[in-house]
file model.cif (mmCIF, C-alpha atoms)
data_final
loop_
_atom_site.label_atom_id
_atom_site.label_comp_id
_atom_site.auth_asym_id
_atom_site.auth_seq_id
_atom_site.Cartn_x
_atom_site.Cartn_y
_atom_site.Cartn_z
CA MET A 7 105.40 93.72 121.34
CA LYS A 8 106.49 91.08 118.86
CA LEU A 9 108.78 93.44 116.92
CA ASP A 10 110.21 95.43 119.81
CA GLY A 11 113.59 96.91 118.90
CA ARG A 12 113.37 95.93 115.23
CA VAL A 13 113.76 98.30 112.28
CA ALA A 14 111.50 97.90 109.26
CA LEU A 15 111.47 99.53 105.83
CA VAL A 16 108.07 99.29 104.13
CA THR A 17 107.68 100.48 100.54
CA GLY A 18 104.27 101.61 99.35
CA ALA A 19 103.50 102.41 102.98
CA SER A 20 101.40 105.54 102.49
CA SER A 21 98.32 103.64 101.34
CA GLY A 22 96.55 100.31 101.31
CA ILE A 23 98.31 97.13 102.36
CA GLY A 24 101.68 98.83 102.85
CA ARG A 25 100.11 101.38 105.20
CA ALA A 26 98.34 98.69 107.23
CA ILE A 27 101.58 96.74 107.58
CA ALA A 28 103.53 99.82 108.67
CA LEU A 29 100.89 100.61 111.30
CA ALA A 30 100.84 97.02 112.54
CA PHE A 31 104.63 96.84 112.76
CA ALA A 32 104.80 100.08 114.72
CA SER A 33 102.09 98.87 117.10
CA GLU A 34 104.27 95.82 117.76
CA GLY A 35 107.27 97.98 118.66
CA ALA A 36 109.17 98.31 115.38
CA SER A 37 110.73 101.55 114.19
CA VAL A 38 109.38 102.02 110.68
CA VAL A 39 110.63 103.83 107.58
CA VAL A 40 107.54 104.69 105.56
CA ALA A 41 108.87 104.66 102.00
CA ASP A 42 106.54 105.85 99.26
CA ILE A 43 106.47 108.05 96.21
CA ARG A 44 103.97 110.32 98.02
CA GLU A 45 103.24 111.01 101.66
CA GLU A 46 99.48 111.34 101.20
CA SER A 47 97.28 108.25 101.17
CA GLN A 48 95.50 107.12 98.02
CA SER A 49 93.06 105.05 100.07
CA GLY A 50 91.08 107.89 101.57
CA GLU A 51 92.76 108.15 104.96
CA SER A 52 93.11 111.79 105.98
CA GLU A 53 96.12 111.21 108.21
CA PRO A 54 99.51 110.30 106.69
CA THR A 55 100.97 107.03 107.91
CA VAL A 56 103.75 108.56 109.97
CA GLU A 57 101.32 110.87 111.72
CA ALA A 58 99.04 107.94 112.52
CA ILE A 59 101.96 105.96 113.92
CA THR A 60 103.35 108.75 116.07
CA ALA A 61 99.88 109.71 117.34
CA ALA A 62 99.55 106.14 118.63
CA GLY A 63 102.92 106.37 120.37
CA GLY A 64 104.98 104.58 117.76
CA THR A 65 108.17 105.51 115.94
CA ALA A 66 108.32 106.21 112.22
CA ILE A 67 109.87 108.45 109.61
CA PHE A 68 108.78 109.20 106.06
CA GLN A 69 111.22 108.85 103.18
CA ARG A 70 110.04 109.83 99.71
CA THR A 71 110.91 106.81 97.57
CA ASP A 72 110.33 105.83 93.96
CA VAL A 73 111.32 102.17 93.75
CA THR A 74 112.23 102.65 90.07
CA ASP A 75 114.92 105.16 91.12
CA ASP A 76 118.08 103.49 92.38
CA ALA A 77 119.33 106.55 94.25
CA ALA A 78 115.97 106.96 95.99
CA VAL A 79 115.98 103.35 97.16
CA GLU A 80 119.54 103.65 98.40
CA ALA A 81 118.53 106.78 100.32
CA ALA A 82 115.58 104.97 101.93
CA VAL A 83 117.82 102.18 103.18
CA SER A 84 120.35 104.73 104.43
CA THR A 85 117.57 106.54 106.29
CA ALA A 86 116.70 103.35 108.15
CA VAL A 87 120.30 102.67 109.08
CA ASP A 88 121.20 106.25 109.98
CA SER A 89 117.98 106.97 111.90
CA PHE A 90 117.48 103.69 113.71
CA GLY A 91 120.84 101.94 113.68
CA GLY A 92 120.25 99.15 111.19
CA LEU A 93 117.66 97.28 109.17
CA ASP A 94 115.97 94.03 110.14
CA ILE A 95 112.81 93.81 108.00
CA LEU A 96 112.15 94.77 104.39
CA VAL A 97 108.58 94.76 103.09
CA ASN A 98 108.18 95.25 99.35
CA ALA A 99 104.60 96.49 99.13
CA ALA A 100 104.92 99.13 96.40
CA GLY A 101 102.98 98.06 93.34
CA VAL A 102 100.98 99.15 90.33
CA THR A 103 98.38 97.38 88.24
CA SER A 104 97.36 97.17 84.58
CA ASN A 105 93.93 96.74 83.03
CA ASN A 106 94.48 96.11 79.33
CA PRO A 107 94.49 92.91 77.28
CA LEU A 108 97.97 91.96 76.22
CA HIS A 109 97.60 92.98 72.57
CA GLU A 110 96.73 96.52 73.68
CA VAL A 111 99.52 96.88 76.25
CA THR A 112 102.17 99.35 75.16
CA ASP A 113 105.86 98.82 75.80
CA GLU A 114 105.72 101.75 78.22
CA GLU A 115 102.89 100.17 80.24
CA TRP A 116 104.56 96.76 80.35
CA ASP A 117 107.90 98.25 81.36
CA ARG A 118 106.30 100.43 84.05
CA VAL A 119 104.50 97.52 85.72
CA PHE A 120 107.62 95.36 85.77
CA ALA A 121 109.82 98.28 86.83
CA VAL A 122 107.74 98.75 89.97
CA ASN A 123 106.45 95.26 90.75
CA VAL A 124 109.55 93.20 89.96
CA THR A 125 112.64 95.32 89.37
CA GLY A 126 111.66 97.51 92.32
CA ILE A 127 111.89 94.46 94.58
CA ARG A 128 115.29 93.56 93.16
CA ARG A 129 116.51 97.10 93.69
CA CYS A 130 115.28 97.27 97.29
CA ILE A 131 116.80 93.92 98.19
CA THR A 132 120.11 94.79 96.54
CA HIS A 133 120.52 97.83 98.77
CA ALA A 134 119.04 96.24 101.89
CA ILE A 135 120.82 92.89 101.84
CA PRO A 136 124.13 94.00 103.47
CA HIS A 137 122.16 95.28 106.46
CA LEU A 138 119.82 92.30 106.61
CA ARG A 139 122.87 90.07 106.64
CA ALA A 140 124.26 92.06 109.56
CA SER A 141 120.99 91.62 111.45
CA GLU A 142 120.34 88.56 113.57
CA TYR A 143 116.74 88.86 112.52
CA GLY A 144 116.66 89.39 108.76
CA ARG A 145 113.26 89.24 107.06
CA ILE A 146 112.10 89.98 103.51
CA ILE A 147 108.36 90.04 102.81
CA ASN A 148 107.13 90.57 99.25
CA ILE A 149 103.54 91.50 98.50
CA SER A 150 102.55 89.33 95.55
CA SER A 151 98.99 88.29 94.65
CA GLN A 152 96.87 85.19 94.35
CA ARG A 153 96.85 86.09 90.65
CA GLY A 154 100.54 85.32 90.61
CA LEU A 155 99.66 81.73 91.51
CA ARG A 156 96.63 80.99 89.31
CA GLY A 157 96.46 83.65 86.64
CA GLY A 158 93.69 86.11 86.04
CA GLY A 159 90.25 85.35 87.33
CA SER A 160 89.19 88.32 85.23
CA PRO A 161 90.29 89.42 81.76
CA GLU A 162 92.69 92.20 80.81
CA LYS A 163 95.20 91.51 83.61
CA ALA A 164 98.01 89.86 81.62
CA THR A 165 100.72 92.38 82.50
CA TYR A 166 99.88 92.47 86.20
CA VAL A 167 99.54 88.68 86.43
CA ALA A 168 102.88 88.18 84.69
CA SER A 169 104.60 90.55 87.10
CA LYS A 170 103.12 88.89 90.17
CA GLY A 171 103.99 85.45 88.83
CA ALA A 172 107.57 86.69 88.68
CA VAL A 173 107.35 87.84 92.31
CA THR A 174 106.00 84.47 93.39
CA ASN A 175 108.90 82.50 91.95
CA LEU A 176 111.47 85.17 92.78
CA THR A 177 110.43 84.78 96.42
CA ARG A 178 111.08 81.05 96.31
CA GLN A 179 114.50 81.56 94.79
CA LEU A 180 115.43 84.30 97.27
CA ALA A 181 114.54 81.95 100.11
CA LEU A 182 117.01 79.44 98.69
CA ASP A 183 119.64 82.12 98.26
CA TYR A 184 119.37 83.85 101.64
CA GLY A 185 117.69 81.34 103.95
CA PRO A 186 120.98 79.64 104.81
CA GLU A 187 122.26 83.04 105.96
CA GLY A 188 119.41 83.38 108.44
CA ILE A 189 117.22 85.68 106.33
CA ALA A 190 113.65 84.44 105.99
CA VAL A 191 112.10 85.38 102.64
CA ASN A 192 108.36 84.98 102.08
CA ALA A 193 105.52 86.54 100.11
CA ILE A 194 101.93 87.34 100.91
CA CYS A 195 99.40 86.77 98.13
CA PRO A 196 96.27 88.80 98.87
CA GLY A 197 92.97 88.16 97.20
CA PRO A 198 90.21 90.75 96.72
CA VAL A 199 91.13 93.62 99.04
CA GLU A 200 89.43 97.00 99.03
CA SER A 201 92.18 99.62 98.78
CA GLY A 202 93.41 102.56 96.79
CA MET A 203 94.67 100.26 94.04
CA THR A 204 91.43 98.28 93.94
CA PRO A 205 88.61 100.58 95.06
CA VAL A 206 85.08 99.26 95.35
CA GLU A 207 83.00 102.11 94.03
CA THR A 208 79.62 100.54 93.32
CA ALA A 209 77.30 97.94 94.81
CA GLU A 210 77.71 95.93 91.61
CA GLN A 211 81.48 95.81 92.04
CA ARG A 212 81.09 94.64 95.63
CA GLU A 213 78.65 91.90 94.66
CA GLU A 214 80.97 90.74 91.89
CA LEU A 215 83.82 90.41 94.36
CA LEU A 216 81.64 88.67 96.93
CA ASP A 217 80.56 86.14 94.31
CA GLY A 218 84.18 85.05 93.96
CA ILE A 219 85.00 84.50 97.64
CA LEU A 220 83.68 82.53 100.60
CA THR A 221 83.41 85.32 103.14
CA PRO A 222 80.38 87.63 103.36
CA PHE A 223 82.68 90.66 103.19
CA VAL A 224 85.44 91.97 100.96
CA GLY A 225 88.89 91.97 102.51
CA THR A 226 90.68 95.08 103.74
CA PRO A 227 94.37 95.86 104.25
CA ASP A 228 93.85 95.17 107.96
CA ASP A 229 93.12 91.56 107.05
CA ILE A 230 96.58 91.28 105.50
CA ALA A 231 98.73 93.07 108.07
CA PRO A 232 98.62 90.36 110.80
CA ALA A 233 100.21 87.89 108.39
CA ALA A 234 103.08 90.31 107.81
CA VAL A 235 103.55 90.57 111.59
CA LEU A 236 103.66 86.78 111.78
CA LEU A 237 106.28 86.51 109.04
CA ALA A 238 108.35 89.35 110.52
CA SER A 239 108.28 88.08 114.10
CA ASP A 240 109.88 85.17 115.92
CA ASP A 241 106.58 83.34 115.47
CA GLY A 242 107.42 83.02 111.77
CA ARG A 243 111.05 81.99 112.10
CA PHE A 244 110.46 78.53 110.56
CA ILE A 245 108.53 79.85 107.55
CA HIS A 246 110.75 80.14 104.46
CA GLY A 247 109.93 80.47 100.76
CA GLU A 248 106.19 80.54 101.36
CA ASN A 249 103.62 82.36 99.25
CA LEU A 250 100.96 82.83 101.89
CA VAL A 251 97.51 83.21 100.33
CA ILE A 252 95.02 85.46 102.15
CA ASP A 253 92.06 85.70 99.84
CA GLY A 254 88.78 84.91 101.58
CA GLY A 255 88.73 81.53 99.86
CA TYR A 256 89.08 82.95 96.35
CA LEU A 257 91.47 80.24 95.13
CA VAL A 258 89.41 77.33 96.41
CA LYS A 259 86.07 78.62 95.16
#

call {"tool": "encode", "arguments": {"input": "model.cif", "output": "structure tokens"}}
result
Amino acid sequence: MKLDGRVALVTGASSGIGRAIALAFASEGASVVVADIREESQSGESEPTVEAITAAGGTAIFQRTDVTDDAAVEAAVSTAVDSFGGLDILVNAAGVTSNNPLHEVTDEEWDRVFAVNVTGIRRCITHAIPHLRASEYGRIINISSQRGLRGGGSPEKATYVASKGAVTNLTRQLALDYGPEGIAVNAICPGPVESGMTPVETAEQREELLDGILTPFVGTPDDIAPAAVLLASDDGRFIHGENLVIDGGYLVK
């Protein structure tokens, strides 16, 4: 029980990587606030995250949260503190993507992607930081992307890549800012992962993804969650400012 007695707030926790992290944290003993704009999964799971956690004997509560809404984020942090007595771990997993070349991206699309993927992280940290400072165990984990380190890999991703590049360097700066206070700040940079945001709907899509990686399978959110447990636990106490790539060898191929 590597996270026994800890309190975690995970945004985007109803689906995909956020859901897998919330489940993994709860299985390791953490009390989890599942913060998402909707309670239902977009990844095909029939059981909401909180129900899955409680059915397995864990502790969790759902808080409807739009990370572009300051009051909603403040309420999510307050739910963690009021329900569980504090906040030790913040995971910023809420995210959206974009699939247009830059010259076709509207201002509204650009602003939406950055509002969720970048400003949403700032907003969550702003409200969480007083409680993370009060914790003896403060952790911030941002979900970035290997595309935030190398660029596209496929066309028409300029907006998404730009936002994740911002997350990558923001993570490094946050580590400098808060590491001396005992708060470890890191990011996870997933590669091709089959989820609600990136569904694999055809055999051709699967083969295309497999051609870009070294493993004979496409990753799943469950391949990402153990890294979040590492970064959140005492095992990761000496890891600061890292952008941990988990991509099936995508970057080296």

call {"tool": "residues_around", "arguments": {"input": "model.cif", "residues": "Glu115 in chain A", "least_positions_apart": "3", "cutoff": "12 Å", "atoms": "all atoms listed in the file", "output": "PDB file with C-alpha atoms, keeping the file's coordinate frame"}}
result
ATOM      1  CA  VAL A 102     100.980  99.150  90.330  1.00  0.00           C
ATOM      2  CA  THR A 103      98.380  97.380  88.240  1.00  0.00           C
ATOM      3  CA  SER A 104      97.360  97.170  84.580  1.00  0.00           C
ATOM      4  CA  ASN A 105      93.930  96.740  83.030  1.00  0.00           C
ATOM      5  CA  ASN A 106      94.480  96.110  79.330  1.00  0.00           C
ATOM      6  CA  PRO A 107      94.490  92.910  77.280  1.00  0.00           C
ATOM      7  CA  LEU A 108      97.970  91.960  76.220  1.00  0.00           C
ATOM      8  CA  HIS A 109      97.600  92.980  72.570  1.00  0.00           C
ATOM      9  CA  GLU A 110      96.730  96.520  73.680  1.00  0.00           C
ATOM     10  CA  VAL A 111      99.520  96.880  76.250  1.00  0.00           C
ATOM     11  CA  THR A 112     102.170  99.350  75.160  1.00  0.00           C
ATOM     12  CA  ARG A 118     106.300 100.430  84.050  1.00  0.00           C
ATOM     13  CA  VAL A 119     104.500  97.520  85.720  1.00  0.00           C
ATOM     14  CA  PHE A 120     107.620  95.360  85.770  1.00  0.00           C
ATOM     15  CA  ALA A 121     109.820  98.280  86.830  1.00  0.00           C
ATOM     16  CA  VAL A 122     107.740  98.750  89.970  1.00  0.00           C
ATOM     17  CA  ALA A 164      98.010  89.860  81.620  1.00  0.00           C
ATOM     18  CA  THR A 165     100.720  92.380  82.500  1.00  0.00           C
ATOM     19  CA  TYR A 166      99.880  92.470  86.200  1.00  0.00           C
ATOM     20  CA  SER A 169     104.600  90.550  87.100  1.00  0.00           C
TER      21      SER A 169
END

call {"tool": "atom_distance", "arguments": {"input": "model.cif", "atom1": "CA of Thr221 in chain A", "atom2": "CA of Ser150 in chain A"}}
result
21.0 Å

call {"tool": "resolve_selection", "arguments": {"input": "model.cif", "expression": "the PyMOL selection byres ((chain A and resi 256) around 7)", "output": "PyMOL selection string"}}
result
chain A and resi 197+218-220+253-255+257-259

call {"tool": "atom_distance", "arguments": {"input": "model.cif", "atom1": "CA of Thr65 in chain A", "atom2": "CA of Val39 in chain A"}}
result
8.9 Å

call {"tool": "closest_residue", "arguments": {"input": "model.cif", "among": "A:Asn192, A:Thr60, A:Thr17, A:Ser33", "to": "Gly242 in chain A", "atoms": "all atoms listed in the file"}}
result
A:Asn192

call {"tool": "residues_around", "arguments": {"input": "model.cif", "residues": "range 92-99 of chain A", "least_positions_apart": "3", "cutoff": "7 Å", "atoms": "only C-alpha atoms", "output": "compact mmCIF listing (two decimals) with C-alpha atoms, in the coordinates of the input"}}
result
# COMPACT_ATOMS: atom_id res chain seq x y z
CA ARG A 12 113.37 95.93 115.23
CA VAL A 13 113.76 98.30 112.28
CA ALA A 14 111.50 97.90 109.26
CA LEU A 15 111.47 99.53 105.83
CA VAL A 16 108.07 99.29 104.13
CA THR A 17 107.68 100.48 100.54
CA GLY A 18 104.27 101.61 99.35
CA GLY A 24 101.68 98.83 102.85
CA ALA A 86 116.70 103.35 108.15
CA VAL A 87 120.30 102.67 109.08
CA ILE A 127 111.89 94.46 94.58
CA HIS A 137 122.16 95.28 106.46
CA LEU A 138 119.82 92.30 106.61
CA SER A 141 120.99 91.62 111.45
CA TYR A 143 116.74 88.86 112.52
CA GLY A 144 116.66 89.39 108.76
CA ARG A 145 113.26 89.24 107.06
CA ILE A 146 112.10 89.98 103.51
CA ILE A 147 108.36 90.04 102.81
CA ASN A 148 107.13 90.57 99.25
CA ILE A 149 103.54 91.50 98.50
CA ALA A 238 108.35 89.35 110.52

call {"tool": "atom_distance", "arguments": {"input": "model.cif", "atom1": "CA of Ile27 in chain A", "atom2": "CA of Ala231 in chain A"}}
result
4.7 Å

call {"tool": "resolve_selection", "arguments": {"input": "model.cif", "expression": "the PyMOL selection byres ((chain A and resi 64) around 10)", "output": "PyMOL selection string"}}
result
chain A and resi 29+31-38+56-63+65-66

call {"tool": "closest_residue", "arguments": {"input": "model.cif", "among": "A:Asp113, A:Asp88, A:Glu200, A:Asp183", "to": "Gly50 in chain A", "atoms": "all atoms listed in the file"}}
result
A:Glu200

call {"tool": "resolve_selection", "arguments": {"input": "model.cif", "expression": "the PyMOL selection byres ((chain A and resi 134) around 9)", "output": "PyMOL selection string"}}
result
chain A and resi 80+83-84+93+96+129-133+135-139

call {"tool": "residues_around", "arguments": {"input": "model.cif", "residues": "Ala81 in chain A", "least_positions_apart": "5", "cutoff": "9 Å", "atoms": "only C-alpha atoms", "output": "PyMOL selection string"}}
result
chain A and resi 69+71+76+86

call {"tool": "write_last_selection", "arguments": {"input": "model.cif", "atoms": "C-alpha atoms", "output": "PDB file, in the frame of the given file"}}
result
ATOM      1  CA  GLN A  69     111.220 108.850 103.180  1.00  0.00           C
ATOM      2  CA  THR A  71     110.910 106.810  97.570  1.00  0.00           C
ATOM      3  CA  ASP A  76     118.080 103.490  92.380  1.00  0.00           C
ATOM      4  CA  ALA A  86     116.700 103.350 108.150  1.00  0.00           C
TER       5      ALA A  86
END

call {"tool": "closest_residue", "arguments": {"input": "model.cif", "among": "A:Asp42, A:Glu207, A:Glu214, A:Glu142", "to": "Arg243 in chain A", "atoms": "all atoms listed in the file"}}
result
A:Glu142

call {"tool": "closest_residue", "arguments": {"input": "model.cif", "among": "A:Arg212, A:Arg178, A:Arg44, A:Arg70", "to": "Leu250 in chain A", "atoms": "only C-alpha atoms"}}
result
A:Arg178

call {"tool": "residues_around", "arguments": {"input": "model.cif", "residues": "Ala168 in chain A", "least_positions_apart": "4", "cutoff": "12 Å", "atoms": "only C-alpha atoms", "output": "ChimeraX atom specification"}}
result
/A:103-104,108,116-117,119-120,123-124,150-158,162-164,172-175

call {"tool": "axis_aligned_box", "arguments": {"input": "model.cif", "around": "range 133-137 of chain A", "padding_each_side": "6 Å", "output": "lines of an AutoDock Vina configuration file"}}
result
center_x = 121.6
center_y = 95.4
center_z = 102.6
size_x = 17.1
size_y = 16.9
size_z = 19.7
